[in-house]
>>> print(open('structure04.csv').read())   # CSV, C-alpha atoms
chain,number,residue,atom,x,y,z
A,250,MET,CA,0.0,0.0,0.0
A,251,SER,CA,1.6,3.3,-1.1
A,252,ASN,CA,-1.3,5.6,-1.9
A,253,PHE,CA,-3.5,7.5,0.5
A,254,ASP,CA,-6.9,6.0,0.8
A,255,ILE,CA,-9.7,7.8,2.7
A,256,LYS,CA,-11.5,4.6,3.6
A,257,ARG,CA,-8.4,3.1,5.3
A,258,PHE,CA,-7.8,6.5,6.9
A,259,ALA,CA,-11.3,6.5,8.4
A,260,SER,CA,-11.0,2.9,9.6
A,261,VAL,CA,-7.8,3.7,11.4
A,262,ALA,CA,-9.4,6.9,12.8
A,263,LEU,CA,-12.3,4.8,14.2
A,264,TRP,CA,-9.9,2.3,15.7
A,265,GLN,CA,-7.9,5.1,17.3
A,266,TYR,CA,-11.1,6.6,18.7
A,267,ARG,CA,-12.1,3.4,20.3
A,268,MET,CA,-8.7,2.6,21.7
A,269,SER,CA,-8.1,6.1,23.2
A,270,MET,CA,-11.5,7.1,24.5
A,271,LYS,CA,-10.7,6.1,28.1
A,272,ASN,CA,-7.5,8.2,28.1
A,273,VAL,CA,-9.4,11.1,26.5
A,274,LEU,CA,-12.0,11.0,29.2
A,275,SER,CA,-9.4,10.9,31.9
A,276,PHE,CA,-7.6,13.8,30.3
A,277,THR,CA,-10.8,15.9,30.0
A,278,VAL,CA,-11.7,15.3,33.7
A,279,GLY,CA,-8.2,16.2,34.9
A,280,LEU,CA,-8.1,19.4,32.8
A,281,SER,CA,-11.6,20.3,34.0
A,282,PHE,CA,-10.4,20.2,37.6
A,283,ALA,CA,-7.4,22.4,36.6
A,284,TYR,CA,-9.9,25.0,35.1
A,285,LEU,CA,-12.1,24.7,38.2
A,286,GLY,CA,-9.0,25.5,40.4
A,287,LEU,CA,-8.5,28.7,38.5
A,288,LEU,CA,-12.2,29.6,38.6
A,289,PHE,CA,-12.3,29.1,42.3
A,290,THR,CA,-9.6,31.8,42.8
A,291,TRP,CA,-12.4,34.1,41.7
A,292,LEU,CA,-15.0,32.4,43.9
A,293,TYR,CA,-12.8,32.2,47.0
A,294,PRO,CA,-13.7,35.6,48.5
A,295,ALA,CA,-17.4,34.8,48.2
A,296,LEU,CA,-16.9,31.4,49.7
A,297,LYS,CA,-15.1,33.0,52.6
A,298,GLY,CA,-18.0,35.3,53.3
A,299,GLY,CA,-16.5,38.4,51.7
A,300,VAL,CA,-17.7,40.6,48.9
A,301,GLY,CA,-18.1,38.9,45.6
A,302,GLU,CA,-15.6,39.7,42.9
A,303,GLY,CA,-16.7,41.7,39.8
A,304,TYR,CA,-17.1,40.8,36.2
A,305,ALA,CA,-13.7,42.1,35.2
A,306,SER,CA,-12.0,39.8,37.7
A,307,LEU,CA,-14.0,36.8,36.4
A,308,MET,CA,-12.8,37.7,32.9
A,309,ARG,CA,-9.2,37.7,34.0
A,310,THR,CA,-9.7,34.3,35.5
A,311,VAL,CA,-11.2,33.0,32.2
A,312,GLU,CA,-8.3,34.6,30.4
A,313,MET,CA,-5.9,32.5,32.5
A,314,CYS,CA,-8.0,29.4,31.6
A,315,THR,CA,-7.4,30.2,27.9
A,316,LEU,CA,-3.7,30.4,28.6
A,317,VAL,CA,-3.9,26.9,30.2
A,318,TYR,CA,-5.9,25.7,27.1
A,319,LEU,CA,-3.2,27.1,24.7
A,320,ILE,CA,-0.4,25.5,26.7
A,321,THR,CA,-2.3,22.2,26.8
A,322,ILE,CA,-2.7,22.1,23.0
A,323,VAL,CA,1.0,23.0,22.4
A,324,ILE,CA,2.5,20.4,24.7
A,325,SER,CA,0.0,17.6,23.8
A,326,GLY,CA,2.1,16.7,20.9
A,327,ALA,CA,4.7,15.2,23.2
A,328,TRP,CA,2.3,12.3,23.9
A,329,ILE,CA,1.5,11.4,20.3
A,330,PHE,CA,3.0,7.9,20.7
A,331,ALA,CA,3.1,7.8,24.5
A,332,ASP,CA,0.8,4.8,24.7
A,333,MET,CA,3.1,2.7,22.4
A,334,ASN,CA,5.2,1.7,25.4
A,335,GLY,CA,5.1,-2.0,24.8
A,336,LYS,CA,5.9,-4.4,22.0
A,337,GLY,CA,2.3,-5.7,21.7
A,338,LYS,CA,0.8,-2.2,21.2
A,339,LEU,CA,3.5,-1.2,18.8
A,340,ILE,CA,3.0,-4.4,16.8
A,341,THR,CA,-0.7,-3.8,16.7
A,342,LEU,CA,-0.2,-0.3,15.4
A,343,LYS,CA,2.4,-1.2,12.8
A,344,MET,CA,0.3,-4.2,11.5
A,345,LEU,CA,-2.8,-2.1,10.9
A,346,PRO,CA,-3.9,-2.5,7.2
A,347,ALA,CA,-3.0,1.1,6.3
A,348,THR,CA,0.0,3.1,5.2
A,349,ASP,CA,2.4,4.7,7.6
A,350,LEU,CA,1.2,8.1,6.4
A,351,GLU,CA,-2.4,7.3,7.1
A,352,LYS,CA,-1.5,6.0,10.6
A,353,TYR,CA,0.7,9.0,11.3
A,354,LEU,CA,-1.9,11.5,10.2
A,355,VAL,CA,-4.6,9.8,12.4
A,356,ARG,CA,-2.2,10.1,15.4
A,357,LEU,CA,-1.4,13.7,14.6
A,358,LEU,CA,-5.0,14.8,14.1
A,359,SER,CA,-6.2,12.8,17.1
A,360,ILE,CA,-3.7,14.4,19.5
A,361,THR,CA,-4.2,17.9,18.1
A,362,LEU,CA,-8.0,18.0,17.5
A,363,GLY,CA,-8.5,15.8,20.6
A,364,ALA,CA,-6.7,18.4,22.7
A,365,LEU,CA,-8.8,21.2,21.1
A,366,ALA,CA,-12.1,19.4,21.7
A,367,ALA,CA,-11.2,18.0,25.2
A,368,GLY,CA,-10.1,21.4,26.4
A,369,ILE,CA,-13.4,23.1,25.4
A,370,VAL,CA,-15.5,20.3,27.0
A,371,ALA,CA,-13.3,20.5,30.2
A,372,PHE,CA,-13.9,24.2,30.5
A,373,LEU,CA,-17.7,23.7,30.0
A,374,LEU,CA,-17.7,21.2,32.8
A,375,ALA,CA,-15.7,23.4,35.1
A,376,ASP,CA,-17.9,26.4,34.2
A,377,ALA,CA,-21.0,24.4,35.0
A,378,MET,CA,-19.6,23.4,38.4
A,379,ARG,CA,-18.7,27.1,39.0
A,380,ILE,CA,-22.3,28.1,38.3
A,381,VAL,CA,-23.7,25.4,40.6
A,382,VAL,CA,-21.5,26.8,43.4
A,383,CYS,CA,-22.5,30.3,42.6
A,384,LEU,CA,-26.2,29.4,42.9
A,385,ILE,CA,-25.7,27.6,46.2
A,386,VAL,CA,-23.8,30.5,47.9
A,387,GLY,CA,-25.8,33.2,46.2
A,388,VAL,CA,-23.0,34.8,44.1
A,389,ASP,CA,-23.8,36.9,41.0
A,390,TYR,CA,-22.5,36.3,37.5
A,391,VAL,CA,-24.0,32.8,37.1
A,392,ALA,CA,-24.1,33.0,33.3
A,393,PHE,CA,-21.9,30.6,31.3
A,394,CYS,CA,-18.4,32.0,30.4
A,395,LEU,CA,-17.8,29.6,27.6
A,396,PRO,CA,-18.6,32.2,24.9
A,397,ASP,CA,-16.0,34.5,26.5
A,398,PHE,CA,-13.5,31.7,26.7
A,399,LEU,CA,-13.9,30.9,23.0
A,400,ALA,CA,-13.8,34.5,22.0
A,401,MET,CA,-10.6,35.1,23.9
A,402,PHE,CA,-8.9,32.1,22.3
A,403,PHE,CA,-10.2,32.1,18.7
A,404,THR,CA,-10.6,35.8,18.1
A,405,ASN,CA,-8.7,39.0,19.1
A,406,ALA,CA,-11.4,40.1,21.5
A,407,ASP,CA,-10.7,42.7,24.1
A,408,VAL,CA,-10.8,41.7,27.8
A,409,PRO,CA,-12.1,44.4,30.1
A,410,ASP,CA,-9.5,45.6,32.7
A,411,THR,CA,-7.0,42.9,31.9
A,412,VAL,CA,-3.4,43.0,32.9
A,413,ALA,CA,-2.8,44.8,29.6
A,414,GLY,CA,-5.1,47.5,30.8
A,415,GLY,CA,-7.6,47.0,28.0
A,416,ALA,CA,-5.1,48.2,25.5
A,417,GLY,CA,-7.1,46.9,22.5
A,418,HIS,CA,-6.3,44.7,19.7
A,419,TYR,CA,-2.8,43.6,18.7
A,420,PRO,CA,-2.0,44.2,15.0
A,421,ALA,CA,-2.9,41.3,12.7
A,422,ALA,CA,0.8,40.6,11.9
A,423,THR,CA,1.6,40.4,15.7
A,424,ASN,CA,-1.2,37.9,16.2
A,425,PHE,CA,0.0,35.9,13.1
A,426,LEU,CA,3.5,35.7,14.6
A,427,GLY,CA,2.1,34.6,18.0
A,428,TRP,CA,0.0,31.8,16.4
A,429,ALA,CA,2.9,30.8,14.2
A,430,TRP,CA,5.1,30.4,17.3
A,431,CYS,CA,2.5,28.2,18.9
A,432,PHE,CA,2.2,26.2,15.7
A,433,TRP,CA,6.0,25.7,15.7
A,434,ALA,CA,6.1,24.8,19.4
A,435,GLN,CA,3.4,22.2,19.0
A,436,SER,CA,5.2,20.7,16.0
A,437,LEU,CA,8.4,20.6,18.1
A,438,TYR,CA,6.6,18.6,20.8
A,439,VAL,CA,5.2,16.3,18.1
A,440,LEU,CA,8.7,15.7,16.7
A,441,GLY,CA,10.0,15.1,20.2
A,442,GLY,CA,7.1,12.7,21.0
A,443,THR,CA,7.8,10.7,17.9
A,444,LEU,CA,11.6,10.6,18.1
A,445,LEU,CA,12.1,10.0,21.8
A,446,ARG,CA,11.1,6.9,23.7
A,447,ARG,CA,11.7,8.3,27.2
A,448,TYR,CA,11.1,11.7,28.8
A,449,GLN,CA,9.6,13.1,25.7
A,450,PHE,CA,8.0,16.0,27.5
A,451,ALA,CA,11.0,16.9,29.7
A,452,VAL,CA,13.6,16.7,26.9
A,453,THR,CA,11.4,18.6,24.4
A,454,SER,CA,10.5,21.3,27.0
A,455,ALA,CA,14.2,21.7,27.8
A,456,VAL,CA,15.0,22.2,24.1
A,457,HIS,CA,12.1,24.6,23.7
A,458,ALA,CA,13.2,26.6,26.8
A,459,VAL,CA,16.7,27.0,25.5
A,460,LEU,CA,15.5,28.2,22.1
A,461,PHE,CA,13.1,30.5,23.8
A,462,VAL,CA,15.8,32.0,26.0
A,463,VAL,CA,18.2,32.5,23.0
A,464,MET,CA,15.5,34.2,20.9
A,465,SER,CA,14.4,36.4,23.9
A,466,VAL,CA,18.0,37.5,24.5
A,467,ALA,CA,18.3,38.4,20.8
A,468,VAL,CA,15.1,40.4,21.0
A,469,VAL,CA,16.1,42.2,24.2
A,470,PHE,CA,19.4,43.3,22.6
A,471,THR,CA,17.8,44.5,19.4
A,472,VAL,CA,14.6,46.1,20.7
A,473,ASP,CA,14.4,49.1,23.0
A,474,ASP,CA,10.7,49.0,23.9
A,475,LEU,CA,9.1,45.6,23.3
A,476,GLY,CA,5.6,46.9,24.0
A,477,LEU,CA,5.8,49.6,21.4
A,478,PHE,CA,7.6,47.2,19.0
A,479,VAL,CA,4.8,44.6,18.9
A,480,THR,CA,2.0,47.1,18.6
A,481,ASP,CA,3.7,49.2,15.8
A,482,GLU,CA,2.0,48.3,12.6
A,483,ARG,CA,5.0,49.4,10.6
A,484,ASN,CA,6.7,46.1,11.8
A,485,GLY,CA,4.0,44.1,10.1
A,486,GLY,CA,6.2,42.9,7.3
A,487,LEU,CA,8.9,41.7,9.6
A,488,PHE,CA,6.4,39.9,11.8
A,489,CYS,CA,4.7,38.2,8.8
A,490,SER,CA,8.1,37.1,7.5
A,491,VAL,CA,9.2,35.6,10.8
A,492,GLY,CA,5.8,34.0,11.3
A,493,THR,CA,6.0,32.4,7.9
A,494,VAL,CA,9.5,31.0,8.8
A,495,PHE,CA,8.0,29.5,12.0
A,496,ALA,CA,5.1,28.0,10.0
A,497,VAL,CA,7.4,26.4,7.5
A,498,ILE,CA,9.7,25.0,10.2
A,499,ALA,CA,6.5,23.6,11.9
A,500,LEU,CA,5.5,21.8,8.7
A,501,LEU,CA,9.1,20.5,8.4
A,502,ASN,CA,8.9,19.1,12.0
A,503,TRP,CA,5.7,17.3,11.2
A,504,TRP,CA,7.3,15.8,8.1
A,505,LEU,CA,10.3,14.7,10.1
A,506,GLY,CA,8.0,13.2,12.6
A,507,TYR,CA,6.4,11.2,9.8
A,508,LYS,CA,9.8,10.0,8.5
A,509,VAL,CA,10.8,8.9,12.0
A,510,PHE,CA,7.5,7.0,12.4
A,511,SER,CA,7.9,5.3,9.0
A,512,ARG,CA,11.3,3.9,10.2
A,513,MET,CA,10.1,2.9,13.6
A,514,GLN,CA,10.6,-0.8,14.4
A,515,VAL,CA,9.2,-3.0,17.1
A,516,ILE,CA,12.6,-3.1,18.8
A,517,ASN,CA,14.2,0.3,18.7
A,518,ASN,CA,17.0,2.1,20.4
A,519,LYS,CA,16.7,2.5,24.1
A,520,TRP,CA,16.2,6.3,23.9
A,521,ILE,CA,14.9,7.0,20.4
A,522,ASN,CA,12.5,5.3,18.0
A,523,LEU,CA,15.1,4.5,15.4
>>> encode(input="structure04.csv", output="structure tokens")
Amino acid sequence: MSNFDIKRFASVALWQYRMSMKNVLSFTVGLSFAYLGLLFTWLYPALKGGVGEGYASLMRTVEMCTLVYLITIVISGAWIFADMNGKGKLITLKMLPATDLEKYLVRLLSITLGALAAGIVAFLLADAMRIVVCLIVGVDYVAFCLPDFLAMFFTNADVPDTVAGGAGHYPAATNFLGWAWCFWAQSLYVLGGTLLRRYQFAVTSAVHAVLFVVMSVAVVFTVDDLGLFVTDERNGGLFCSVGTVFAVIALLNWWLGYKVFSRMQVINNKWINL
């Protein structure tokens, strides 16, 4: 089998869905409690008998939840093959009647789209529990915050009285660079999760941290005022160019991940899947 076949791809996707549903549910519940912990930082004064926090404070908490959501999506790539920790599971995966490309794409899409969907469901569960507690203790703002959560993540919506002081929208080129960075970081975790057999998250995070520090130092020594620099629309061409480079490198990382997977054997090196 050398050609991509949508029917085989769908069959592998269905098999992957059935095999990973328990892990997805556990992940969703765990992330929901993480969101709930953040939301309770807003509820804590009311639960202690003090004056309830305002709407702006609640939105800042939701904003922190979107940050957790983004980080979760980025680092989820590290576990793309984390469940293939035994010969039996690896043999089962490699022996599926589909091409390596079809199996790799199923894994890539399941870990990426799975994290996207699970994160939203987890926030909905946490938000529902927050509303129940609000109704019990008589706190205002019992409306669902899911629309605000989605708007903060998927659009360039303003957040009232945020840490940025309600400064408004970032330029489109700045947003493009930020999303391109996240895309690249996620692809780096996918490559690390595919290449490494042990400590995928730790090693990839260390590499990411080193690269981030190096790039940050370079920016600090070349930019006088970072706040003005990222909001200056005259730098749009530069931001789009750098963002495009990150996007291309991200696609390269995904392709390298596929090449590693296609060469993965049942018995591999102790540390890497080659």
>>> atom_distance(input="structure04.csv", atom1="CA of Thr321 (chain A)", atom2="CA of Asp376 (chain A)")
17.8 Å
>>> closest_residue(input="structure04.csv", among="A:Ala422, A:Val439, A:Leu292, A:Leu445", to="Cys489 (chain A)", atoms="only C-alpha atoms")
A:Ala422
>>> atom_distance(input="structure04.csv", atom1="CA of Asp473 (chain A)", atom2="CA of Ser490 (chain A)")
20.6 Å
>>> atom_distance(input="structure04.csv", atom1="CA of Val468 (chain A)", atom2="CA of Tyr419 (chain A)")
18.3 Å
>>> closest_residue(input="structure04.csv", among="A:Val386, A:Leu505, A:Arg267, A:Ser465", to="Pro294 (chain A)", atoms="all atoms listed in the file")
A:Val386
>>> closest_residue(input="structure04.csv", among="A:Thr480, A:Ser306, A:Thr493, A:Thr341", to="Gln265 (chain A)", atoms="all atoms listed in the file")
A:Thr341
>>> closest_residue(input="structure04.csv", among="A:Trp520, A:Trp428, A:Phe470, A:Trp291", to="Met313 (chain A)", atoms="all atoms listed in the file")
A:Trp291
>>> closest_residue(input="structure04.csv", among="A:Leu350, A:Leu362, A:Leu342, A:Val370", to="Leu280 (chain A)", atoms="all atoms listed in the file")
A:Val370
>>> residues_around(input="structure04.csv", residues="Leu345 (chain A)", least_positions_apart="5", cutoff="9 Å", atoms="only C-alpha atoms", output="list in words")
Val261, Ile340 and Lys352 of chain A
>>> residues_around(input="structure04.csv", residues="Asn484 (chain A)", least_positions_apart="6", cutoff="10 Å", atoms="all atoms listed in the file", output="PDB file with C-alpha atoms, in the coordinates of the input")
ATOM      1  CA  PRO A 420      -2.000  44.200  15.000  1.00  0.00           C
ATOM      2  CA  ALA A 422       0.800  40.600  11.900  1.00  0.00           C
ATOM      3  CA  THR A 423       1.600  40.400  15.700  1.00  0.00           C
ATOM      4  CA  PHE A 478       7.600  47.200  19.000  1.00  0.00           C
TER       5      PHE A 478
END
>>> closest_residue(input="structure04.csv", among="A:Tyr448, A:Trp504, A:Phe398, A:Phe403", to="Met308 (chain A)", atoms="all atoms listed in the file")
A:Phe398
>>> residues_around(input="structure04.csv", residues="Leu444 (chain A)", least_positions_apart="3", cutoff="9 Å", atoms="all atoms listed in the file", output="PyMOL selection string")
chain A and resi 439-441+449+506+509-510+520-523
>>> residues_around(input="structure04.csv", residues="Leu399 (chain A)", least_positions_apart="3", cutoff="12 Å", atoms="all atoms listed in the file", output="ChimeraX atom specification")
/A:311-312,314-316,318-319,365-366,368-370,372-373,393-396,402-406
